[in-house]
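As stored in start_16.csv (CSV, C-alpha atoms):
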chain,number,residue,atom,x,y,z
W,1,MET,CA,10.3,14.3,19.8
W,2,ASN,CA,7.0,14.2,18.0
W,3,ILE,CA,7.9,13.2,14.4
W,4,ARG,CA,5.2,12.7,11.9
W,5,LEU,CA,6.3,11.0,8.6
W,6,ILE,CA,3.3,11.0,6.3
W,7,ILE,CA,2.9,8.2,3.8
W,8,ALA,CA,1.3,9.3,0.6
W,9,CYS,CA,-1.1,6.5,-0.4
W,10,HIS,CA,-3.8,6.4,-3.1
W,11,LYS,CA,-5.0,2.9,-2.3
W,12,PRO,CA,-5.2,0.5,0.6
W,13,CYS,CA,-1.8,-0.9,1.4
W,14,GLU,CA,0.3,-2.4,4.2
W,15,VAL,CA,2.2,0.3,6.2
W,16,PRO,CA,4.8,0.3,9.0
W,17,ALA,CA,3.4,-0.1,12.5
W,18,ASP,CA,5.8,2.5,13.9
W,19,PRO,CA,3.8,5.3,15.4
W,20,MET,CA,6.0,7.9,13.6
W,21,TYR,CA,4.2,7.0,10.3
W,22,LEU,CA,0.9,8.5,9.4
W,23,PRO,CA,-0.7,6.9,6.3
W,24,VAL,CA,-2.6,9.6,4.4
W,25,HIS,CA,-5.1,9.0,1.6
W,26,VAL,CA,-4.0,11.6,-0.9
W,27,GLY,CA,-6.7,12.8,-3.3
W,28,SER,CA,-9.4,11.5,-1.0
W,29,ALA,CA,-11.9,14.2,-1.9
W,30,GLY,CA,-15.1,12.6,-3.2
W,31,LYS,CA,-13.8,9.1,-2.5
W,32,GLU,CA,-14.7,6.5,0.2
W,33,THR,CA,-12.7,6.5,3.4
W,34,MET,CA,-10.0,3.9,3.6
W,35,PRO,CA,-10.0,2.4,7.1
W,36,GLY,CA,-6.8,3.3,9.0
W,37,PHE,CA,-5.9,6.1,6.6
W,38,THR,CA,-6.1,9.8,7.3
W,39,ARG,CA,-8.0,11.8,4.6
W,40,ASP,CA,-6.3,14.8,3.0
W,41,ASP,CA,-9.6,16.6,2.4
W,42,GLU,CA,-10.3,17.5,6.0
W,43,GLY,CA,-9.5,21.0,7.4
W,44,ASP,CA,-7.5,23.3,5.2
W,45,SER,CA,-6.8,21.1,2.2
W,46,ILE,CA,-6.3,21.0,-1.6
W,47,SER,CA,-7.2,17.3,-2.0
W,48,GLU,CA,-9.2,17.9,-5.2
W,49,LYS,CA,-6.0,19.1,-6.9
W,50,ASN,CA,-4.4,15.6,-6.5
W,51,PRO,CA,-4.4,14.8,-10.3
W,52,VAL,CA,-1.9,17.7,-10.8
W,53,PHE,CA,-0.1,17.8,-7.5
W,54,CYS,CA,0.1,14.1,-6.5
W,55,GLU,CA,1.6,13.6,-3.0
W,56,LEU,CA,1.7,17.4,-2.5
W,57,THR,CA,-2.0,17.4,-1.5
W,58,GLY,CA,-0.9,15.2,1.5
W,59,LEU,CA,2.0,17.5,2.2
W,60,TYR,CA,-0.3,20.6,2.1
W,61,TRP,CA,-2.7,18.9,4.5
W,62,ALA,CA,0.1,18.1,6.9
W,63,TRP,CA,1.5,21.6,6.6
W,64,LYS,CA,-1.8,23.2,7.5
W,65,ASN,CA,-3.2,20.7,10.0
W,66,LEU,CA,-0.5,18.8,11.8
W,67,ASP,CA,1.1,19.9,15.1
W,68,CYS,CA,4.4,18.2,15.5
W,69,ASP,CA,8.1,18.8,16.1
W,70,ALA,CA,9.3,17.4,12.8
W,71,LEU,CA,7.6,16.5,9.6
W,72,GLY,CA,8.4,14.5,6.6
W,73,LEU,CA,7.0,12.6,3.6
W,74,VAL,CA,7.5,9.2,2.1
W,75,HIS,CA,5.5,7.1,-0.3
W,76,TYR,CA,3.5,3.8,0.2
W,77,ARG,CA,6.2,2.0,-1.8
W,78,ARG,CA,9.2,4.2,-1.2
W,79,TYR,CA,10.7,4.7,2.3
W,80,PHE,CA,13.9,5.9,4.0
W,81,THR,CA,16.1,3.2,5.5
W,82,MET,CA,19.2,2.9,7.5
W,83,LYS,CA,19.7,-0.8,6.8
W,84,ARG,CA,22.1,-2.2,4.2
W,85,ARG,CA,20.4,-4.8,2.0
W,86,LEU,CA,22.2,-7.8,0.6
W,87,PRO,CA,22.2,-8.1,-3.2
W,88,GLY,CA,19.1,-9.9,-4.4
W,89,LYS,CA,17.3,-9.4,-1.1
W,90,GLU,CA,13.9,-7.8,-1.6
W,91,ALA,CA,13.0,-4.8,0.6
W,92,ALA,CA,10.5,-5.3,3.4
W,93,LEU,CA,8.6,-3.0,5.7
W,94,SER,CA,10.8,-4.3,8.5
W,95,ASP,CA,13.7,-2.5,6.8
W,96,VAL,CA,12.2,1.0,6.9
W,97,LEU,CA,13.5,3.9,9.0
W,98,SER,CA,12.2,3.7,12.6
W,99,GLY,CA,11.0,6.5,14.7
W,100,GLN,CA,14.0,6.0,17.1
W,101,GLU,CA,16.4,6.2,14.1
W,102,ALA,CA,14.8,9.4,12.8
W,103,GLU,CA,15.0,11.0,16.2
W,104,GLN,CA,18.7,10.2,16.5
W,105,LEU,CA,19.3,11.7,13.0
W,106,LEU,CA,17.4,14.9,13.8
W,107,GLU,CA,19.5,15.3,16.9
W,108,LYS,CA,22.5,15.8,14.6
W,109,TYR,CA,21.1,17.1,11.4
W,110,GLN,CA,18.5,19.7,10.4
W,111,VAL,CA,17.4,18.0,7.1
W,112,ILE,CA,17.2,14.3,6.1
W,113,VAL,CA,17.0,13.6,2.3
W,114,PRO,CA,17.2,10.5,0.1
W,115,LYS,CA,20.5,9.6,-1.7
W,116,LYS,CA,20.8,11.7,-4.8
W,117,ARG,CA,20.0,10.3,-8.2
W,118,HIS,CA,22.8,10.5,-10.8
W,119,TYR,CA,21.9,11.0,-14.4
W,120,TYR,CA,25.5,10.9,-15.7
W,121,ILE,CA,24.7,11.5,-19.4
W,122,GLU,CA,21.9,14.1,-18.8
W,123,THR,CA,21.5,17.3,-16.9
W,124,VAL,CA,18.5,17.7,-14.7
W,125,TRP,CA,17.1,20.1,-17.3
W,126,SER,CA,17.7,18.0,-20.4
W,127,HIS,CA,16.4,14.8,-18.7
W,128,TYR,CA,13.1,16.5,-18.0
W,129,CYS,CA,12.9,18.1,-21.4
W,130,HIS,CA,13.5,14.7,-23.1
W,131,THR,CA,11.0,12.8,-20.9
W,132,PHE,CA,8.3,15.4,-20.2
W,133,ASP,CA,7.4,18.9,-21.3
W,134,GLY,CA,10.4,21.2,-20.8
W,135,SER,CA,8.2,24.3,-21.0
W,136,GLN,CA,7.0,23.5,-17.5
W,137,PHE,CA,10.5,24.1,-16.2
W,138,GLU,CA,10.7,27.3,-18.2
W,139,THR,CA,7.5,28.5,-16.7
W,140,ALA,CA,8.6,27.5,-13.2
W,141,ARG,CA,11.8,29.5,-13.7
W,142,GLN,CA,9.9,32.5,-14.8
W,143,ILE,CA,7.7,32.4,-11.7
W,144,ILE,CA,10.8,32.1,-9.5
W,145,ALA,CA,12.3,35.1,-11.3
W,146,GLU,CA,9.2,37.1,-10.6
W,147,ARG,CA,8.5,36.0,-7.0
W,148,THR,CA,11.9,35.2,-5.4
W,149,PRO,CA,14.7,36.1,-7.9
W,150,GLU,CA,17.3,35.4,-5.2
W,151,TYR,CA,16.6,31.6,-5.8
W,152,LEU,CA,17.4,31.8,-9.5
W,153,PRO,CA,21.1,31.0,-9.1
W,154,ASP,CA,20.1,27.8,-7.2
W,155,PHE,CA,17.5,26.8,-9.7
W,156,ASP,CA,20.0,27.3,-12.6
W,157,ARG,CA,22.8,25.4,-10.8
W,158,LEU,CA,20.4,22.5,-10.2
W,159,MET,CA,19.3,22.4,-13.8
W,160,ALA,CA,22.8,22.5,-15.1
W,161,GLY,CA,23.9,19.6,-12.8
W,162,THR,CA,23.5,15.9,-13.2
W,163,THR,CA,22.2,15.0,-9.7
W,164,ALA,CA,19.0,15.6,-7.7
W,165,TRP,CA,17.2,14.6,-4.6
W,166,LEU,CA,13.9,13.2,-5.9
W,167,PHE,CA,10.4,12.0,-4.8
W,168,ASN,CA,9.6,15.0,-2.5
W,169,MET,CA,11.0,12.9,0.3
W,170,TYR,CA,12.4,14.6,3.3
W,171,ILE,CA,12.3,14.9,7.1
W,172,MET,CA,13.0,18.2,9.0
W,173,ARG,CA,11.9,20.3,11.8
W,174,LYS,CA,8.3,21.5,11.3
W,175,GLU,CA,9.2,25.2,11.2
W,176,LEU,CA,11.7,24.5,8.3
W,177,SER,CA,9.1,22.4,6.5
W,178,ASP,CA,6.6,25.3,6.9
W,179,GLU,CA,9.1,27.7,5.4
W,180,TYR,CA,9.6,25.4,2.4
W,181,CYS,CA,5.9,25.0,1.9
W,182,GLU,CA,5.3,28.7,2.1
W,183,TRP,CA,7.8,29.2,-0.7
W,184,MET,CA,7.0,26.2,-2.9
W,185,PHE,CA,3.2,26.1,-3.0
W,186,PRO,CA,2.6,29.6,-4.4
W,187,ILE,CA,5.0,28.6,-7.2
W,188,VAL,CA,3.2,25.4,-8.2
W,189,PHE,CA,-0.2,27.0,-7.9
W,190,GLU,CA,0.9,29.7,-10.3
W,191,LEU,CA,2.5,27.0,-12.6
W,192,GLU,CA,-0.9,25.2,-12.7
W,193,ARG,CA,-2.6,28.5,-13.5
W,194,ARG,CA,-0.3,29.2,-16.4
W,195,THR,CA,-0.3,25.7,-17.9
W,196,ASP,CA,-2.7,24.7,-20.6
W,197,THR,CA,-3.9,21.2,-19.6
W,198,THR,CA,-6.2,20.7,-22.6
W,199,GLY,CA,-5.7,17.2,-24.0
W,200,MET,CA,-3.4,16.0,-21.2
W,201,ASN,CA,-3.9,12.4,-20.1
W,202,ASP,CA,-3.7,11.4,-16.4
W,203,PHE,CA,0.1,10.7,-16.6
W,204,ASP,CA,1.0,14.1,-18.1
W,205,LEU,CA,-1.3,15.9,-15.8
W,206,ARG,CA,1.0,15.1,-12.8
W,207,PHE,CA,3.4,17.9,-13.8
W,208,GLY,CA,2.8,19.8,-10.5
W,209,GLY,CA,4.2,17.0,-8.5
W,210,ARG,CA,7.1,16.4,-10.8
W,211,VAL,CA,8.2,20.0,-11.0
W,212,SER,CA,7.9,20.4,-7.2
W,213,GLU,CA,10.6,17.7,-6.8
W,214,ARG,CA,13.1,20.0,-8.4
W,215,LEU,CA,11.7,23.0,-6.4
W,216,PHE,CA,12.6,21.2,-3.2
W,217,ASP,CA,16.2,20.9,-4.4
W,218,THR,CA,16.2,24.5,-5.4
W,219,TRP,CA,14.9,25.6,-1.9
W,220,LEU,CA,17.4,23.4,0.0
W,221,MET,CA,20.4,24.4,-2.2
W,222,HIS,CA,19.5,28.1,-1.5
W,223,GLN,CA,19.4,27.5,2.2
W,224,MET,CA,22.8,25.8,2.1
W,225,ARG,CA,24.3,28.5,-0.2
W,226,THR,CA,23.2,31.3,2.0
W,227,GLY,CA,24.2,29.6,5.2
W,228,ARG,CA,20.6,29.3,6.5
W,229,ILE,CA,21.2,25.5,6.7
W,230,PRO,CA,24.9,24.6,6.8
W,231,LYS,CA,25.8,21.8,4.4
W,232,GLN,CA,26.9,19.6,7.2
W,233,ASP,CA,23.4,19.8,8.7
W,234,VAL,CA,21.9,18.0,5.7
W,235,ARG,CA,22.1,14.2,5.8
W,236,GLU,CA,21.5,11.9,2.8
W,237,ILE,CA,20.4,8.4,3.7
W,238,PRO,CA,19.3,5.4,1.5
W,239,TYR,CA,15.8,4.7,0.4
W,240,LEU,CA,14.1,1.5,-0.6
W,241,TYR,CA,11.4,0.6,-3.0
W,242,LEU,CA,8.8,-2.0,-2.0
W,243,GLY,CA,7.9,-3.8,-5.2
W,244,HIS,CA,9.5,-4.9,-8.4
W,245,VAL,CA,11.4,-2.4,-10.6
W,246,ASP,CA,11.7,-3.4,-14.3
W,247,TRP,CA,15.2,-2.1,-14.7
W,248,ASN,CA,15.4,-3.2,-18.4
W,249,ARG,CA,12.3,-1.1,-19.2
W,250,LYS,CA,13.4,1.8,-17.1
W,251,ILE,CA,16.9,2.0,-18.6
W,252,THR,CA,15.5,1.5,-22.1
W,253,GLY,CA,13.0,4.3,-21.5
W,254,PHE,CA,15.8,6.6,-20.3
W,255,LEU,CA,18.0,5.9,-23.4
W,256,LYS,CA,15.1,6.3,-25.8
W,257,ALA,CA,14.2,9.6,-24.2
W,258,LYS,CA,17.9,10.8,-24.5
W,259,PHE,CA,18.7,9.6,-28.0
W,260,LEU,CA,15.3,9.1,-29.7
W,261,TYR,CA,13.4,11.9,-28.0
W,262,LYS,CA,10.6,9.5,-27.0
W,263,LYS,CA,8.9,11.0,-24.0
W,264,TYR,CA,7.7,9.0,-21.0
W,265,ASP,CA,4.0,7.9,-21.2
W,266,ARG,CA,3.8,5.9,-18.0
W,267,SER,CA,5.6,5.2,-14.8
W,268,PHE,CA,8.2,2.6,-14.5

Represent the structure of the file as structure tokens.
Amino acid sequence: MNIRLIIACHKPCEVPADPMYLPVHVGSAGKETMPGFTRDDEGDSISEKNPVFCELTGLYWAWKNLDCDALGLVHYRRYFTMKRRLPGKEAALSDVLSGQEAEQLLEKYQVIVPKKRHYYIETVWSHYCHTFDGSQFETARQIIAERTPEYLPDFDRLMAGTTAWLFNMYIMRKELSDEYCEWMFPIVFELERRTDTTGMNDFDLRFGGRVSERLFDTWLMHQMRTGRIPKQDVREIPYLYLGHVDWNRKITGFLKAKFLYKKYDRSF
């Protein structure tokens, strides 16, 4: 099986040697080529939209230009894994999902997603409203209502819940990925068109990528609810982060957003 798992990268970095992985320089338009990295501004592309759409410019390029049996997306510091890590042991590239493991999973399941994030004291909707601009979700909901109203129950159920698959990470058969992209990209393009970006800094401008994470959940929940993809055909697996996470700052930021209404102004 020809599986291509693109790695969204915006700077040179060490990547897995497994041939399943394809490091893609997202937002490469107008920038120098990074040796060993595929540019996302070749062929049919939206590379210049990277400030708004983040890793989606790489996904769009893969959707339009790659010929493979299965397609997926990970990040240069965040990967799928099937290995259990001991407490205190830092993640390493040797721990990431292998092509052989991915193929074995896809023989049993249609879609591979990362373990859900649990917000506990927040809903998906309230967390976004407390940390970013909630009107972006309102606009996205309106676009869904206009374009594909049959997805509204799934969007609303996601927003009222306290868990979500995040990071735009997945692996699935190329035809399913194509169907998802055909549904999602028109929505985020319209969201960009309707959003006033005047005065936004680089961090806030990434709203297209952030909202799309919740659109993926909406799409997949709809497929499961309608029986297009049976629930048992979706497999959650762990993911790892290569690098240091300042959990004190992350948790403090989460609590300040919840109780003091202090929105995020940078990544953690």

Point (3.9, 8.9, 10.1) neighbourhood (7 Å, only C-alpha atoms) written as an mmCIF file with C-alpha atoms, in the coordinates of the input:
data_model
loop_
_atom_site.group_PDB
_atom_site.id
_atom_site.type_symbol
_atom_site.label_atom_id
_atom_site.label_comp_id
_atom_site.auth_asym_id
_atom_site.auth_seq_id
_atom_site.Cartn_x
_atom_site.Cartn_y
_atom_site.Cartn_z
ATOM 1 C CA ARG W 4 5.200 12.700 11.900
ATOM 2 C CA LEU W 5 6.300 11.000 8.600
ATOM 3 C CA ILE W 6 3.300 11.000 6.300
ATOM 4 C CA ILE W 7 2.900 8.200 3.800
ATOM 5 C CA PRO W 19 3.800 5.300 15.400
ATOM 6 C CA MET W 20 6.000 7.900 13.600
ATOM 7 C CA TYR W 21 4.200 7.000 10.300
ATOM 8 C CA LEU W 22 0.900 8.500 9.400
ATOM 9 C CA PRO W 23 -0.700 6.900 6.300
#

May I have the residues within 10 Å of stretch 153-157 of chain W as a tab-separated table (two decimals) with C-alpha atoms, keeping the file's coordinate frame, using only C-alpha atoms and disregarding those fewer than 2 positions away in the same chain?
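Okay, result-v2.tsv is ready:
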chain	number	residue	atom	x	y	z
W	124	VAL	CA	18.50	17.70	-14.70
W	125	TRP	CA	17.10	20.10	-17.30
W	137	PHE	CA	10.50	24.10	-16.20
W	140	ALA	CA	8.60	27.50	-13.20
W	141	ARG	CA	11.80	29.50	-13.70
W	144	ILE	CA	10.80	32.10	-9.50
W	145	ALA	CA	12.30	35.10	-11.30
W	149	PRO	CA	14.70	36.10	-7.90
W	150	GLU	CA	17.30	35.40	-5.20
W	151	TYR	CA	16.60	31.60	-5.80
W	159	MET	CA	19.30	22.40	-13.80
W	160	ALA	CA	22.80	22.50	-15.10
W	161	GLY	CA	23.90	19.60	-12.80
W	162	THR	CA	23.50	15.90	-13.20
W	214	ARG	CA	13.10	20.00	-8.40
W	215	LEU	CA	11.70	23.00	-6.40
W	216	PHE	CA	12.60	21.20	-3.20
W	217	ASP	CA	16.20	20.90	-4.40
W	218	THR	CA	16.20	24.50	-5.40
W	219	TRP	CA	14.90	25.60	-1.90
W	220	LEU	CA	17.40	23.40	0.00
W	221	MET	CA	20.40	24.40	-2.20
W	222	HIS	CA	19.50	28.10	-1.50
W	223	GLN	CA	19.40	27.50	2.20
W	224	MET	CA	22.80	25.80	2.10
W	225	ARG	CA	24.30	28.50	-0.20

Surrounding residues of W:Phe80 excluding itself and chain neighbours under 4 positions, 10 Å, all atoms listed in the file, as an mmCIF file with C-alpha atoms, keeping the file's coordinate frame:
data_model
loop_
_atom_site.group_PDB
_atom_site.id
_atom_site.type_symbol
_atom_site.label_atom_id
_atom_site.label_comp_id
_atom_site.auth_asym_id
_atom_site.auth_seq_id
_atom_site.Cartn_x
_atom_site.Cartn_y
_atom_site.Cartn_z
ATOM 1 C CA LEU W 73 7.000 12.600 3.600
ATOM 2 C CA VAL W 74 7.500 9.200 2.100
ATOM 3 C CA HIS W 75 5.500 7.100 -0.300
ATOM 4 C CA ASP W 95 13.700 -2.500 6.800
ATOM 5 C CA VAL W 96 12.200 1.000 6.900
ATOM 6 C CA LEU W 97 13.500 3.900 9.000
ATOM 7 C CA SER W 98 12.200 3.700 12.600
ATOM 8 C CA ALA W 102 14.800 9.400 12.800
ATOM 9 C CA ILE W 112 17.200 14.300 6.100
ATOM 10 C CA VAL W 113 17.000 13.600 2.300
ATOM 11 C CA PRO W 114 17.200 10.500 0.100
ATOM 12 C CA LYS W 115 20.500 9.600 -1.700
ATOM 13 C CA MET W 169 11.000 12.900 0.300
ATOM 14 C CA TYR W 170 12.400 14.600 3.300
ATOM 15 C CA ILE W 171 12.300 14.900 7.100
ATOM 16 C CA GLU W 236 21.500 11.900 2.800
ATOM 17 C CA ILE W 237 20.400 8.400 3.700
ATOM 18 C CA PRO W 238 19.300 5.400 1.500
ATOM 19 C CA TYR W 239 15.800 4.700 0.400
ATOM 20 C CA LEU W 240 14.100 1.500 -0.600
ATOM 21 C CA TYR W 241 11.400 0.600 -3.000
#

Nearest residue to W:Glu55 from the set W:Cys9, W:Met1, W:Leu176, W:Leu158 (distances using all atoms listed in the file): W:Cys9

Would you please work out which residue, of W:Phe53, W:Lys83, W:Gln110, W:His127, is nearest to W:Arg228 when using all atoms listed in the file?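 Once distances to W:Arg228 are computed over all atoms listed in the file, the minimum belongs to W:Gln110.
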
Residue with smallest distance to W:Glu175 - pool W:Glu48, W:Leu242, W:Trp61, W:Cys68, counting only C-alpha atoms: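 So, comparing all the options, the nearest one is W:Cys68.
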
Could you please give me, as a list of chain:residue names, the residues of protein, DNA or RNA lying at most 9 Å from (-4.6, 21.9, 6.8) in the coordinate frame of the file, considering all atoms listed in the file?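 Collected hits near the coordinates: W:Asp40, W:Asp41, W:Glu42, W:Gly43, W:Asp44, W:Ser45, W:Ile46, W:Tyr60, W:Trp61, W:Ala62, W:Trp63, W:Lys64, W:Asn65, W:Leu66.
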
Can you measure atom CA of W:Arg77 to atom CA of W:Gly243 for me? One decimal in Å is fine. 6.9 Å

Taking only residues of stretch 128-156 of chain W that have an atom at most 12 Å from an atom of stretch 196-206 of chain W, what is each one's shortest atom pair and its distance in Å to one decimal, using only C-alpha atoms, in chain and number order, as CSV?
residue,atom,partner,partner_atom,distance
W:Thr131,CA,W:Asp204,CA,10.5
W:Phe132,CA,W:Asp204,CA,7.7
W:Asp133,CA,W:Asp204,CA,8.6
W:Ser135,CA,W:Asp196,CA,10.9
W:Gln136,CA,W:Asp196,CA,10.3
W:Thr139,CA,W:Asp196,CA,11.6

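With all atoms listed in the file as the atoms that count, the residue of W:Ala164, W:Glu138, W:Gly208, W:Met34 with the shortest distance to W:Lys49 is W:Gly208.
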
Selected stretch 24-34 of chain W, written as a compact mmCIF listing (two decimals), in the first residue's frame, all heavy atoms:
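Here's the written file result33.txt:
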# COMPACT_ATOMS: atom_id res chain seq x y z
N VAL W 24 6.91 18.37 4.00
CA VAL W 24 6.43 19.41 3.10
C VAL W 24 6.66 20.77 3.73
O VAL W 24 6.27 21.02 4.88
CB VAL W 24 4.93 19.23 2.79
CG1 VAL W 24 4.41 20.38 1.93
CG2 VAL W 24 4.68 17.90 2.08
N HIS W 25 7.32 21.64 2.99
CA HIS W 25 7.54 23.02 3.43
C HIS W 25 6.26 23.79 3.18
O HIS W 25 5.97 24.18 2.06
CB HIS W 25 8.71 23.63 2.66
CG HIS W 25 9.03 25.03 3.05
ND1 HIS W 25 9.95 25.80 2.37
CD2 HIS W 25 8.56 25.83 4.05
CE1 HIS W 25 10.02 27.00 2.93
NE2 HIS W 25 9.18 27.04 3.95
N VAL W 26 5.48 23.99 4.25
CA VAL W 26 4.20 24.70 4.10
C VAL W 26 4.45 26.21 4.10
O VAL W 26 5.31 26.72 4.81
CB VAL W 26 3.21 24.31 5.21
CG1 VAL W 26 2.83 22.84 5.10
CG2 VAL W 26 3.77 24.61 6.60
N GLY W 27 3.70 26.89 3.24
CA GLY W 27 3.92 28.33 3.10
C GLY W 27 5.22 28.65 2.39
O GLY W 27 5.86 29.67 2.66
N SER W 28 5.62 27.79 1.47
CA SER W 28 6.92 27.95 0.80
C SER W 28 6.91 29.04 -0.28
O SER W 28 7.98 29.43 -0.77
CB SER W 28 7.35 26.62 0.17
OG SER W 28 6.38 26.15 -0.75
N ALA W 29 5.74 29.52 -0.67
CA ALA W 29 5.66 30.54 -1.72
C ALA W 29 6.51 31.75 -1.37
O ALA W 29 6.39 32.33 -0.29
CB ALA W 29 4.21 30.97 -1.93
N GLY W 30 7.40 32.11 -2.29
CA GLY W 30 8.26 33.27 -2.10
C GLY W 30 9.43 33.04 -1.19
O GLY W 30 10.19 33.98 -0.89
N LYS W 31 9.64 31.80 -0.75
CA LYS W 31 10.74 31.49 0.17
C LYS W 31 11.74 30.55 -0.49
O LYS W 31 11.42 29.86 -1.46
CB LYS W 31 10.20 30.85 1.46
CG LYS W 31 9.25 31.76 2.22
CD LYS W 31 8.66 31.04 3.42
CE LYS W 31 7.64 31.92 4.14
NZ LYS W 31 7.00 31.23 5.27
N GLU W 32 12.95 30.53 0.03
CA GLU W 32 13.99 29.66 -0.51
C GLU W 32 13.64 28.21 -0.25
O GLU W 32 12.99 27.86 0.74
CB GLU W 32 15.34 29.99 0.13
CG GLU W 32 15.89 31.35 -0.23
CD GLU W 32 17.29 31.56 0.33
OE1 GLU W 32 17.83 30.60 0.94
OE2 GLU W 32 17.83 32.67 0.16
N THR W 33 14.07 27.34 -1.18
CA THR W 33 13.83 25.91 -1.03
C THR W 33 14.64 25.34 0.12
O THR W 33 15.81 25.68 0.31
CB THR W 33 14.21 25.17 -2.33
OG1 THR W 33 13.34 25.60 -3.39
CG2 THR W 33 14.08 23.66 -2.17
N MET W 34 14.00 24.50 0.92
CA MET W 34 14.70 23.79 1.99
C MET W 34 15.10 22.42 1.45
O MET W 34 14.22 21.63 1.09
CB MET W 34 13.79 23.64 3.22
CG MET W 34 13.32 24.96 3.81
SD MET W 34 12.54 24.84 5.45
CE MET W 34 11.35 23.53 5.23
